[in-house]
Amino acid sequence: MIPMVDLKGQYQTLKAEIEAGMAEAMENTAFILGPNVRAFEQEAAAYLGVKHAVGCASGTDALHLALVAAGIGPGDEVITTPFTFIATAEAIKYVGATPVFVDIDPATYNIDLTLAAAAITDKTRAIIPVHIFGQPVDMPNLMTLANEHDLIVVEDCAQSFGASVGGRMTSSYGFAGAHSFFPSKNLGCYGDGGMITTNDDQVAKHLQVLRNHGSWERYYHSEIGFNSRLDELQAIILRAKLKHIEEYNAGRRRVAHRYSTALAELPGCIPPAEDGVGVHVYHQYCFRTDKRDAIMAALQAEKIGCAIYYPVPLHQQEVFKAECAGLSLPHTEAVAADIMALPIFPEMTDAQVDEVLAVIRKAVLG
Ligand SMILES: Cc1ncc(COP(=O)(O)O)c(C=O)c1O
């Protein structure tokens, strides 16, 4: 039995530190925007090489608050990828803007920048690149495109904490970067949590007000805001884990490279490409195969986790069917039809990886 993700190993090694932090917080009773949230924001900003980090309640909220702070609204078009979790597009809809889905590169699964350029109209205000599965989008080139057309860039870094490109971390490039600390993420807490990064002092101040009921001082409200704060107890967990993020991401890369080396030898299996531009942190290990059903059945029979991210691209989801009627995105559709994910977590042993590979080998070669 091998699960898709096993969070227990990390907890066991950090248990004493987390429990001591929790006990102290209970004694101090500073539960909302307390000292650990402030400290985590500073530590995360330093690690990511950004001026500011603003904790919030989830990755979805991080995207939403960033778009509100950017002033995106009705009548605006926002270019993004259809090959992502629904939250990317939900945030665009929350502010009343229109998502414009652009096809992906079938090797990296990330938005195709040439097609993104071709999708720009006089209504385009922003672009949301998603560093899918932890593979950074080519941000230097994306920023050149965005700057040429005066577009706001909000990076969806929900799956890419610690991934870098062009010598800088993802989330350090655009107007803002949106992070998720959902438990299974590269940096995950024990519930929901999120964070927005920015290099702009005014934007950071605005985000701090937006996440806290539009309030810069208790009971003084300058605008309609939100209740979207990173929880103090979650910040304690995140501070403990942040110290080890490089080691965690190195563990993911080790597992991924072991998978890729073996899968490259198997007929009908295409490992994920590393584009050579950025450092992939493998939030998920997803590969393409024309034997998906057989491989998944064999893994399930051995109680080995497997999944499909994402079976239905956003432009084909029920919720977007009417809005995207007639839209054909062939690379995205082809990838959704033959992609599958294997177990990956930093503590996964080489023996566990080999066990997964042995089952796949048998399913493919007979
Ligand atoms: C690409 C992407 N964007 C946004 C989100 C939303 O994050 P959260 O679940 O923290 O709201 C996720 C999380 O699953 C995600 O994978």
# chains A, B, ... in the order shown; residues from 1 in each chain; ligands from 1
>>> closest_atom_pairs(of="chain A", to="ligand 1", cutoff="8 Å", atoms="only C-alpha atoms and all ligand atoms", output="JSON lines")
{"residue": "A:Ala57", "atom": "CA", "partner": "ligand 1", "partner_atom_place_in_ligand_line": "10 (O)", "distance": 7.6}
{"residue": "A:Ser58", "atom": "CA", "partner": "ligand 1", "partner_atom_place_in_ligand_line": "10 (O)", "distance": 4.0}
{"residue": "A:Gly59", "atom": "CA", "partner": "ligand 1", "partner_atom_place_in_ligand_line": "7 (O)", "distance": 3.4}
{"residue": "A:Thr60", "atom": "CA", "partner": "ligand 1", "partner_atom_place_in_ligand_line": "11 (O)", "distance": 3.7}
{"residue": "A:Asp61", "atom": "CA", "partner": "ligand 1", "partner_atom_place_in_ligand_line": "11 (O)", "distance": 6.4}
{"residue": "A:Ala62", "atom": "CA", "partner": "ligand 1", "partner_atom_place_in_ligand_line": "11 (O)", "distance": 7.8}
{"residue": "A:Leu63", "atom": "CA", "partner": "ligand 1", "partner_atom_place_in_ligand_line": "4 (C)", "distance": 7.3}
{"residue": "A:Thr84", "atom": "CA", "partner": "ligand 1", "partner_atom_place_in_ligand_line": "1 (C)", "distance": 5.2}
{"residue": "A:Phe85", "atom": "CA", "partner": "ligand 1", "partner_atom_place_in_ligand_line": "1 (C)", "distance": 4.9}
{"residue": "A:Ile86", "atom": "CA", "partner": "ligand 1", "partner_atom_place_in_ligand_line": "3 (N)", "distance": 7.2}
{"residue": "A:Ala87", "atom": "CA", "partner": "ligand 1", "partner_atom_place_in_ligand_line": "4 (C)", "distance": 4.7}
{"residue": "A:Thr88", "atom": "CA", "partner": "ligand 1", "partner_atom_place_in_ligand_line": "3 (N)", "distance": 5.1}
{"residue": "A:Val130", "atom": "CA", "partner": "ligand 1", "partner_atom_place_in_ligand_line": "1 (C)", "distance": 6.0}
{"residue": "A:His131", "atom": "CA", "partner": "ligand 1", "partner_atom_place_in_ligand_line": "1 (C)", "distance": 7.3}
{"residue": "A:Ile132", "atom": "CA", "partner": "ligand 1", "partner_atom_place_in_ligand_line": "1 (C)", "distance": 6.3}
{"residue": "A:Phe133", "atom": "CA", "partner": "ligand 1", "partner_atom_place_in_ligand_line": "1 (C)", "distance": 7.9}
{"residue": "A:Asp156", "atom": "CA", "partner": "ligand 1", "partner_atom_place_in_ligand_line": "3 (N)", "distance": 5.8}
{"residue": "A:Cys157", "atom": "CA", "partner": "ligand 1", "partner_atom_place_in_ligand_line": "1 (C)", "distance": 6.9}
{"residue": "A:Ala158", "atom": "CA", "partner": "ligand 1", "partner_atom_place_in_ligand_line": "2 (C)", "distance": 4.7}
{"residue": "A:Gln159", "atom": "CA", "partner": "ligand 1", "partner_atom_place_in_ligand_line": "16 (O)", "distance": 5.6}
{"residue": "A:Ala178", "atom": "CA", "partner": "ligand 1", "partner_atom_place_in_ligand_line": "4 (C)", "distance": 7.9}
{"residue": "A:His179", "atom": "CA", "partner": "ligand 1", "partner_atom_place_in_ligand_line": "7 (O)", "distance": 7.2}
{"residue": "A:Ser180", "atom": "CA", "partner": "ligand 1", "partner_atom_place_in_ligand_line": "10 (O)", "distance": 4.0}
{"residue": "A:Phe181", "atom": "CA", "partner": "ligand 1", "partner_atom_place_in_ligand_line": "10 (O)", "distance": 5.7}
{"residue": "A:Phe182", "atom": "CA", "partner": "ligand 1", "partner_atom_place_in_ligand_line": "10 (O)", "distance": 4.8}
{"residue": "A:Lys185", "atom": "CA", "partner": "ligand 1", "partner_atom_place_in_ligand_line": "13 (C)", "distance": 7.9}
{"residue": "A:Asp192", "atom": "CA", "partner": "ligand 1", "partner_atom_place_in_ligand_line": "10 (O)", "distance": 5.9}
{"residue": "A:Gly193", "atom": "CA", "partner": "ligand 1", "partner_atom_place_in_ligand_line": "10 (O)", "distance": 5.8}
{"residue": "A:Gly194", "atom": "CA", "partner": "ligand 1", "partner_atom_place_in_ligand_line": "10 (O)", "distance": 5.8}
>>> residues_around(residues="stretch 123-129 of chain A", least_positions_apart="2", cutoff="6 Å", atoms="only C-alpha atoms", output="NGL selection string")
:A and (76-80 or 120-121 or 151-155)
>>> write_last_selection(atoms="C-alpha atoms", output="PDB file, in the first residue's frame")
ATOM      1  CA  ASP A  76     -11.952  42.937 -18.149  1.00  0.00           C
ATOM      2  CA  GLU A  77     -10.510  39.846 -19.765  1.00  0.00           C
ATOM      3  CA  VAL A  78      -7.993  37.734 -17.870  1.00  0.00           C
ATOM      4  CA  ILE A  79      -5.899  35.242 -19.823  1.00  0.00           C
ATOM      5  CA  THR A  80      -5.171  31.953 -18.105  1.00  0.00           C
ATOM      6  CA  ILE A 120      -4.572  39.585 -26.144  1.00  0.00           C
ATOM      7  CA  THR A 121      -7.360  42.017 -27.046  1.00  0.00           C
ATOM      8  CA  LEU A 151      -0.927  43.675 -18.401  1.00  0.00           C
ATOM      9  CA  ILE A 152      -1.103  42.864 -14.709  1.00  0.00           C
ATOM     10  CA  VAL A 153       0.441  39.517 -13.792  1.00  0.00           C
ATOM     11  CA  VAL A 154      -0.836  37.458 -10.860  1.00  0.00           C
ATOM     12  CA  GLU A 155       1.132  34.232 -10.521  1.00  0.00           C
TER      13      GLU A 155
END
>>> select_by_dssp(residues="stretch 148-178 of chain A", states="strand (DSSP E or B)", output="JSON, numbers by chain")
{"A": [152, 153, 154, 155, 156, 164, 165, 168, 169, 176, 177, 178]}
>>> select_by_dssp(residues="stretch 74-312 of chain A", states="alpha helix (DSSP H)", output="PyMOL selection string")
chain A and resi 87-94+113-118+139-148+201-210+232-242+245-263+292-301
>>> closest_residue(among="A:Gly276, A:Pro267, A:Pro82, A:Gly162", to="A:Tyr310", atoms="only C-alpha atoms")
A:Pro82
>>> closest_residue(among="A:Asn28, A:Val359, A:Leu342, A:Ala16", to="A:Ala301", atoms="only C-alpha atoms")
A:Val359
>>> closest_residue(among="A:Glu274, A:Glu247, A:Asp231, A:Asp338", to="A:Asp290", atoms="only C-alpha atoms")
A:Asp338
>>> residues_around(residues="A:Asp201", least_positions_apart="4", cutoff="9 Å", atoms="only C-alpha atoms", output="ChimeraX atom specification")
/A:51-52,205-206
>>> residues_around(residues="A:Asp293", least_positions_apart="4", cutoff="12 Å", atoms="only C-alpha atoms", output="PyMOL selection string")
chain A and resi 288-289+297-300+306-308+337-340+360+363-364
>>> write_last_selection(atoms="N, CA and C atoms", output="PDB file, in the first residue's frame")
ATOM      1  N   ARG A 288       2.195  11.194 -19.166  1.00  0.00           N
ATOM      2  CA  ARG A 288       1.197  10.836 -20.174  1.00  0.00           C
ATOM      3  C   ARG A 288       1.414   9.391 -20.619  1.00  0.00           C
ATOM      4  N   THR A 289       0.305   8.701 -20.867  1.00  0.00           N
ATOM      5  CA  THR A 289       0.422   7.318 -21.323  1.00  0.00           C
ATOM      6  C   THR A 289      -0.833   6.889 -22.071  1.00  0.00           C
ATOM      7  N   ALA A 297      -5.632   0.547 -13.204  1.00  0.00           N
ATOM      8  CA  ALA A 297      -6.268  -0.660 -12.645  1.00  0.00           C
ATOM      9  C   ALA A 297      -5.228  -1.506 -11.903  1.00  0.00           C
ATOM     10  N   ALA A 298      -4.037  -1.624 -12.488  1.00  0.00           N
ATOM     11  CA  ALA A 298      -2.983  -2.431 -11.853  1.00  0.00           C
ATOM     12  C   ALA A 298      -2.523  -1.797 -10.538  1.00  0.00           C
ATOM     13  N   LEU A 299      -2.378  -0.481 -10.520  1.00  0.00           N
ATOM     14  CA  LEU A 299      -1.960   0.205  -9.290  1.00  0.00           C
ATOM     15  C   LEU A 299      -3.033   0.074  -8.209  1.00  0.00           C
ATOM     16  N   GLN A 300      -4.278   0.262  -8.608  1.00  0.00           N
ATOM     17  CA  GLN A 300      -5.377   0.167  -7.629  1.00  0.00           C
ATOM     18  C   GLN A 300      -5.451  -1.239  -7.036  1.00  0.00           C
ATOM     19  N   CYS A 306      -3.187   6.513  -7.189  1.00  0.00           N
ATOM     20  CA  CYS A 306      -3.025   7.126  -8.507  1.00  0.00           C
ATOM     21  C   CYS A 306      -4.248   8.010  -8.721  1.00  0.00           C
ATOM     22  N   ALA A 307      -4.133   8.967  -9.622  1.00  0.00           N
ATOM     23  CA  ALA A 307      -5.231   9.916  -9.810  1.00  0.00           C
ATOM     24  C   ALA A 307      -5.086  10.573 -11.178  1.00  0.00           C
ATOM     25  N   ILE A 308      -6.129  11.293 -11.575  1.00  0.00           N
ATOM     26  CA  ILE A 308      -6.047  12.045 -12.831  1.00  0.00           C
ATOM     27  C   ILE A 308      -6.195  13.529 -12.517  1.00  0.00           C
ATOM     28  N   ALA A 337      -6.817  13.680 -21.637  1.00  0.00           N
ATOM     29  CA  ALA A 337      -7.266  12.328 -22.004  1.00  0.00           C
ATOM     30  C   ALA A 337      -6.246  11.245 -21.669  1.00  0.00           C
ATOM     31  N   ASP A 338      -4.971  11.623 -21.476  1.00  0.00           N
ATOM     32  CA  ASP A 338      -3.999  10.539 -21.235  1.00  0.00           C
ATOM     33  C   ASP A 338      -3.006  10.806 -20.091  1.00  0.00           C
ATOM     34  N   ILE A 339      -3.305  11.804 -19.273  1.00  0.00           N
ATOM     35  CA  ILE A 339      -2.376  12.096 -18.167  1.00  0.00           C
ATOM     36  C   ILE A 339      -2.787  11.323 -16.914  1.00  0.00           C
ATOM     37  N   MET A 340      -1.822  10.987 -16.093  1.00  0.00           N
ATOM     38  CA  MET A 340      -2.146  10.403 -14.780  1.00  0.00           C
ATOM     39  C   MET A 340      -1.042  10.729 -13.770  1.00  0.00           C
ATOM     40  N   ILE A 360       3.783  -0.741 -12.767  1.00  0.00           N
ATOM     41  CA  ILE A 360       3.550  -0.085 -14.073  1.00  0.00           C
ATOM     42  C   ILE A 360       4.210  -0.900 -15.186  1.00  0.00           C
ATOM     43  N   ALA A 363       2.182  -3.823 -16.042  1.00  0.00           N
ATOM     44  CA  ALA A 363       0.928  -3.462 -16.733  1.00  0.00           C
ATOM     45  C   ALA A 363       1.207  -3.099 -18.188  1.00  0.00           C
ATOM     46  N   VAL A 364       2.373  -2.475 -18.428  1.00  0.00           N
ATOM     47  CA  VAL A 364       2.694  -2.025 -19.803  1.00  0.00           C
ATOM     48  C   VAL A 364       3.271  -3.172 -20.641  1.00  0.00           C
TER      49      VAL A 364
END
>>> atom_distance(atom1="atom CA of A:Gly191", atom2="atom CA of A:Lys8")
14.4 Å
>>> residues_around(residues="stretch 29-43 of chain A", least_positions_apart="5", cutoff="10 Å", atoms="only C-alpha atoms", output="ChimeraX atom specification")
/A:21,23-24,48-56,195-197,212,229-240,242-243
>>> write_last_selection(atoms="N, CA and C atoms", output="PDB file, in the first residue's frame")
ATOM      1  N   GLY A  21       4.842  25.108  20.067  1.00  0.00           N
ATOM      2  CA  GLY A  21       4.313  26.365  19.515  1.00  0.00           C
ATOM      3  C   GLY A  21       2.826  26.514  19.792  1.00  0.00           C
ATOM      4  N   ALA A  23       1.123  25.091  22.243  1.00  0.00           N
ATOM      5  CA  ALA A  23       0.899  25.296  23.678  1.00  0.00           C
ATOM      6  C   ALA A  23       1.148  26.763  24.039  1.00  0.00           C
ATOM      7  N   GLU A  24       2.203  27.339  23.464  1.00  0.00           N
ATOM      8  CA  GLU A  24       2.526  28.733  23.757  1.00  0.00           C
ATOM      9  C   GLU A  24       1.415  29.662  23.248  1.00  0.00           C
ATOM     10  N   LEU A  48      11.334  33.716  -0.251  1.00  0.00           N
ATOM     11  CA  LEU A  48      10.904  33.856  -1.649  1.00  0.00           C
ATOM     12  C   LEU A  48      11.574  35.036  -2.356  1.00  0.00           C
ATOM     13  N   GLY A  49      12.288  35.853  -1.598  1.00  0.00           N
ATOM     14  CA  GLY A  49      12.965  36.995  -2.210  1.00  0.00           C
ATOM     15  C   GLY A  49      11.986  38.064  -2.673  1.00  0.00           C
ATOM     16  N   VAL A  50      10.928  38.276  -1.874  1.00  0.00           N
ATOM     17  CA  VAL A  50       9.949  39.332  -2.182  1.00  0.00           C
ATOM     18  C   VAL A  50       9.914  40.307  -1.011  1.00  0.00           C
ATOM     19  N   LYS A  51       9.400  41.511  -1.268  1.00  0.00           N
ATOM     20  CA  LYS A  51       9.369  42.523  -0.201  1.00  0.00           C
ATOM     21  C   LYS A  51       8.297  42.209   0.839  1.00  0.00           C
ATOM     22  N   HIS A  52       7.143  41.727   0.373  1.00  0.00           N
ATOM     23  CA  HIS A  52       6.023  41.536   1.304  1.00  0.00           C
ATOM     24  C   HIS A  52       5.326  40.206   1.075  1.00  0.00           C
ATOM     25  N   ALA A  53       4.855  39.632   2.167  1.00  0.00           N
ATOM     26  CA  ALA A  53       3.977  38.463   2.100  1.00  0.00           C
ATOM     27  C   ALA A  53       2.808  38.746   3.050  1.00  0.00           C
ATOM     28  N   VAL A  54       1.605  38.492   2.575  1.00  0.00           N
ATOM     29  CA  VAL A  54       0.403  38.783   3.361  1.00  0.00           C
ATOM     30  C   VAL A  54      -0.397  37.487   3.475  1.00  0.00           C
ATOM     31  N   GLY A  55      -0.486  36.955   4.682  1.00  0.00           N
ATOM     32  CA  GLY A  55      -1.214  35.705   4.884  1.00  0.00           C
ATOM     33  C   GLY A  55      -2.709  35.910   4.680  1.00  0.00           C
ATOM     34  N   CYS A  56      -3.376  34.871   4.208  1.00  0.00           N
ATOM     35  CA  CYS A  56      -4.831  34.928   4.059  1.00  0.00           C
ATOM     36  C   CYS A  56      -5.382  33.510   4.248  1.00  0.00           C
ATOM     37  N   MET A 195      -1.528  32.825   1.008  1.00  0.00           N
ATOM     38  CA  MET A 195      -0.654  33.989   1.166  1.00  0.00           C
ATOM     39  C   MET A 195      -0.488  34.683  -0.181  1.00  0.00           C
ATOM     40  N   ILE A 196      -0.405  35.999  -0.118  1.00  0.00           N
ATOM     41  CA  ILE A 196      -0.143  36.774  -1.335  1.00  0.00           C
ATOM     42  C   ILE A 196       1.218  37.452  -1.156  1.00  0.00           C
ATOM     43  N   THR A 197       2.025  37.416  -2.204  1.00  0.00           N
ATOM     44  CA  THR A 197       3.314  38.108  -2.159  1.00  0.00           C
ATOM     45  C   THR A 197       3.273  39.293  -3.122  1.00  0.00           C
ATOM     46  N   ASN A 212      -8.763  41.912   6.024  1.00  0.00           N
ATOM     47  CA  ASN A 212      -9.225  42.131   7.402  1.00  0.00           C
ATOM     48  C   ASN A 212     -10.399  43.110   7.421  1.00  0.00           C
ATOM     49  N   ARG A 229      -8.071  35.744   6.914  1.00  0.00           N
ATOM     50  CA  ARG A 229      -6.776  35.836   7.588  1.00  0.00           C
ATOM     51  C   ARG A 229      -6.148  34.458   7.706  1.00  0.00           C
ATOM     52  N   LEU A 230      -4.831  34.430   7.649  1.00  0.00           N
ATOM     53  CA  LEU A 230      -4.128  33.170   7.918  1.00  0.00           C
ATOM     54  C   LEU A 230      -4.233  32.925   9.423  1.00  0.00           C
ATOM     55  N   ASP A 231      -4.606  31.724   9.788  1.00  0.00           N
ATOM     56  CA  ASP A 231      -4.803  31.386  11.192  1.00  0.00           C
ATOM     57  C   ASP A 231      -3.468  31.317  11.933  1.00  0.00           C
ATOM     58  N   GLU A 232      -3.454  31.831  13.147  1.00  0.00           N
ATOM     59  CA  GLU A 232      -2.232  31.824  13.975  1.00  0.00           C
ATOM     60  C   GLU A 232      -1.693  30.391  14.188  1.00  0.00           C
ATOM     61  N   LEU A 233      -2.602  29.453  14.430  1.00  0.00           N
ATOM     62  CA  LEU A 233      -2.154  28.072  14.680  1.00  0.00           C
ATOM     63  C   LEU A 233      -1.560  27.460  13.404  1.00  0.00           C
ATOM     64  N   GLN A 234      -2.141  27.803  12.265  1.00  0.00           N
ATOM     65  CA  GLN A 234      -1.579  27.304  10.996  1.00  0.00           C
ATOM     66  C   GLN A 234      -0.203  27.928  10.744  1.00  0.00           C
ATOM     67  N   ALA A 235      -0.035  29.175  11.139  1.00  0.00           N
ATOM     68  CA  ALA A 235       1.261  29.849  10.935  1.00  0.00           C
ATOM     69  C   ALA A 235       2.364  29.147  11.717  1.00  0.00           C
ATOM     70  N   ILE A 236       2.008  28.580  12.884  1.00  0.00           N
ATOM     71  CA  ILE A 236       3.012  27.855  13.686  1.00  0.00           C
ATOM     72  C   ILE A 236       3.513  26.633  12.902  1.00  0.00           C
ATOM     73  N   ILE A 237       2.578  25.929  12.275  1.00  0.00           N
ATOM     74  CA  ILE A 237       2.945  24.741  11.485  1.00  0.00           C
ATOM     75  C   ILE A 237       3.780  25.163  10.273  1.00  0.00           C
ATOM     76  N   LEU A 238       3.358  26.231   9.641  1.00  0.00           N
ATOM     77  CA  LEU A 238       4.074  26.688   8.441  1.00  0.00           C
ATOM     78  C   LEU A 238       5.491  27.144   8.782  1.00  0.00           C
ATOM     79  N   ARG A 239       5.667  27.796   9.927  1.00  0.00           N
ATOM     80  CA  ARG A 239       7.018  28.238  10.328  1.00  0.00           C
ATOM     81  C   ARG A 239       7.923  27.025  10.545  1.00  0.00           C
ATOM     82  N   ALA A 240       7.365  25.983  11.158  1.00  0.00           N
ATOM     83  CA  ALA A 240       8.180  24.776  11.403  1.00  0.00           C
ATOM     84  C   ALA A 240       8.578  24.126  10.080  1.00  0.00           C
ATOM     85  N   LEU A 242       8.631  25.544   6.970  1.00  0.00           N
ATOM     86  CA  LEU A 242       9.376  26.400   6.043  1.00  0.00           C
ATOM     87  C   LEU A 242      10.888  26.188   6.158  1.00  0.00           C
ATOM     88  N   LYS A 243      11.342  25.894   7.383  1.00  0.00           N
ATOM     89  CA  LYS A 243      12.795  25.686   7.593  1.00  0.00           C
ATOM     90  C   LYS A 243      13.320  24.512   6.779  1.00  0.00           C
TER      91      LYS A 243
END
>>> residues_around(residues="A:Glu355", least_positions_apart="4", cutoff="10 Å", atoms="only C-alpha atoms", output="short mmCIF file (atom, residue, chain, number, x, y, z; two decimals) with C-alpha atoms, in the first residue's frame")
data_model
loop_
_atom_site.label_atom_id
_atom_site.label_comp_id
_atom_site.auth_asym_id
_atom_site.auth_seq_id
_atom_site.Cartn_x
_atom_site.Cartn_y
_atom_site.Cartn_z
CA MET A 1 0.00 0.00 0.00
CA ILE A 2 1.39 3.37 -1.02
CA LEU A 299 -1.96 0.20 -9.29
CA GLU A 302 -1.99 -3.25 -5.39
CA ILE A 304 -1.07 2.06 -4.76
CA THR A 349 11.69 5.94 -0.33
CA ASP A 350 13.46 4.68 -3.45
CA ALA A 351 12.07 1.23 -2.61
CA VAL A 359 3.56 -2.54 -11.15
CA ILE A 360 3.55 -0.08 -14.07
CA ARG A 361 6.19 -2.09 -15.94
#
>>> closest_residue(among="A:Val353, A:Phe226, A:Arg292, A:Tyr47", to="A:His257", atoms="only C-alpha atoms")
A:Val353
>>> closest_residue(among="A:Cys269, A:Phe83, A:Ala89, A:Pro183", to="A:Val335", atoms="only C-alpha atoms")
A:Phe83
>>> closest_residue(among="A:Asp138, A:Asp103, A:Glu347, A:Asp150", to="A:Asp275", atoms="only C-alpha atoms")
A:Asp138
>>> atom_distance(atom1="atom CA of A:Cys189", atom2="atom CA of A:Ser215")
26.1 Å
>>> residues_around(residues="A:Glu223", least_positions_apart="5", cutoff="9 Å", atoms="only C-alpha atoms", output="ChimeraX atom specification")
/A:209-210,213-215
